[in-house]
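Student: A single structure is presented below for examination.
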Amino acid sequence: NIFLDNFFAKNKFLASGLLEDKSGGIILVMSDSIEEAQSIMQKDPFYIHDLVDFEYTFFAATKLSSSLSQK
């Protein structure tokens, strides 16, 4: 998937995948704001073609794995 690969390469996506029941999926976005995450997701083909509903939840990570670097 070009959309996913592009944002993984930019270190904006940390993880993505389907929910166990396949009713949807999750993309974990590294961002300083929910507005930036929404702007990124507007480039998703599923968003562009209005194929799914999107929900956004912002959280401020208070602790990160040392394997994750904020870029």
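Following the order of the structure tokens, chains are lettered A, B, ..., residues in each are numbered from 1, and ligands are numbered from 1.
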What's around stretch 9-20 of chain A at 8 Å? Count only C-alpha atoms, leave out sequence neighbours fewer than 4 positions away in its own chain, and write the answer as a PyMOL selection string.
Tutor: chain A and resi 4-5+24-31+71
Student: Keeping N, CA and C atoms for every residue in the selection just given, could you write it to a file as a compact mmCIF listing (two decimals), in the first residue's frame?
Tutor:
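Saved the output as out_11.txt:
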```txt
# COMPACT_ATOMS: atom_id res chain seq x y z
N LEU A 4 0.35 3.84 3.03
CA LEU A 4 0.97 3.40 4.28
C LEU A 4 2.49 3.45 4.20
N ASP A 5 3.05 2.89 3.13
CA ASP A 5 4.50 2.86 2.97
C ASP A 5 5.11 4.25 3.02
N GLY A 24 -12.74 -3.07 11.26
CA GLY A 24 -12.06 -1.80 11.05
C GLY A 24 -10.58 -1.98 11.28
N GLY A 25 -9.88 -0.88 11.39
CA GLY A 25 -8.45 -0.93 11.60
C GLY A 25 -7.97 0.27 12.39
N ILE A 26 -6.69 0.23 12.73
CA ILE A 26 -6.07 1.30 13.50
C ILE A 26 -4.75 1.67 12.84
N ILE A 27 -4.48 2.97 12.80
CA ILE A 27 -3.17 3.46 12.41
C ILE A 27 -2.69 4.36 13.55
N LEU A 28 -1.54 4.03 14.10
CA LEU A 28 -0.94 4.83 15.16
C LEU A 28 -0.01 5.85 14.52
N VAL A 29 -0.39 7.13 14.64
CA VAL A 29 0.31 8.23 13.97
C VAL A 29 1.15 9.00 14.99
N MET A 30 2.41 9.24 14.65
CA MET A 30 3.29 10.07 15.48
C MET A 30 3.07 11.52 15.04
N SER A 31 2.47 12.32 15.92
CA SER A 31 2.12 13.69 15.55
C SER A 31 2.06 14.56 16.79
N LYS A 71 10.78 12.12 15.52
CA LYS A 71 11.47 12.82 14.43
C LYS A 71 10.56 13.85 13.84
```
Student: Once you count only C-alpha atoms, what closest atom pair and distance in Å to one decimal does each residue of stretch 12-51 of chain A within 9 Å of stretch 58-69 of chain A have, with rows by chain and rising residue number, as JSON lines?
Tutor:
```
{"residue": "A:Leu14", "atom": "CA", "partner": "A:Leu68", "partner_atom": "CA", "distance": 8.5}
{"residue": "A:Asp32", "atom": "CA", "partner": "A:Ala60", "partner_atom": "CA", "distance": 8.6}
{"residue": "A:Ser33", "atom": "CA", "partner": "A:Phe58", "partner_atom": "CA", "distance": 7.5}
{"residue": "A:Ile34", "atom": "CA", "partner": "A:Phe58", "partner_atom": "CA", "distance": 5.9}
{"residue": "A:Ala37", "atom": "CA", "partner": "A:Phe58", "partner_atom": "CA", "distance": 9.0}
```
Student: Keeping only C-alpha atoms, write those residues as a PDB file, in the first residue's frame.
Tutor:
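New file result05.pdb:
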```pdb
ATOM      1  CA  LEU A  14       4.243   3.656  14.033  1.00  0.00           C
ATOM      2  CA  ASP A  32       2.125  16.796  17.705  1.00  0.00           C
ATOM      3  CA  SER A  33      -1.525  17.529  16.966  1.00  0.00           C
ATOM      4  CA  ILE A  34      -4.767  15.856  16.024  1.00  0.00           C
ATOM      5  CA  ALA A  37      -3.064  13.445  11.964  1.00  0.00           C
TER       6      ALA A  37
END
```
Student: What is the atom CA of A:Ser39-atom CA of A:Asp21 distance in Å, reported with one decimal?
Tutor: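 Here the two named atoms are 27.3 Å from each other.
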Student: Got a sec to tell me which of stretch 5-68 of chain A DSSP assigns to alpha helix (DSSP H), as a PyMOL selection string?
Tutor: chain A and resi 5-9+34-41+45-48
Student: Which distance in Å separates atom CA of A:Asn6 and atom CA of A:Tyr56, to one decimal?
Tutor: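 Separating atom CA of A:Asn6 from atom CA of A:Tyr56 is a distance of 20.2 Å.
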Student: In Å, how far is it from atom CA of A:Met41 to atom CA of A:Ile2?
Tutor: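 It comes out at 13.2 Å.
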Student: I need the residues of chain A that end up classed as strand (DSSP E or B) by DSSP on the backbone, written out as a list in words.
Tutor: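 Of chain A, only Phe13, Leu14, Ala15, Ser16, Gly17, Leu18, Gly25, Ile26, Ile27, Leu28 and Val29 of chain A fall in strand (DSSP E or B).
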Student: Kindly export the residues of the current selection with C-alpha atoms, as an mmCIF file, in the first residue's frame.
Tutor:
```
data_model
loop_
_atom_site.group_PDB
_atom_site.id
_atom_site.type_symbol
_atom_site.label_atom_id
_atom_site.label_comp_id
_atom_site.auth_asym_id
_atom_site.auth_seq_id
_atom_site.Cartn_x
_atom_site.Cartn_y
_atom_site.Cartn_z
ATOM 1 C CA PHE A 13 3.128 5.899 11.196
ATOM 2 C CA LEU A 14 4.243 3.656 14.033
ATOM 3 C CA ALA A 15 1.865 0.729 13.482
ATOM 4 C CA SER A 16 -1.178 -0.228 11.452
ATOM 5 C CA GLY A 17 -3.471 -3.193 11.226
ATOM 6 C CA LEU A 18 -6.945 -4.676 11.267
ATOM 7 C CA GLY A 25 -8.451 -0.929 11.603
ATOM 8 C CA ILE A 26 -6.069 1.303 13.498
ATOM 9 C CA ILE A 27 -3.169 3.463 12.408
ATOM 10 C CA LEU A 28 -0.940 4.831 15.161
ATOM 11 C CA VAL A 29 0.310 8.230 13.969
#
```
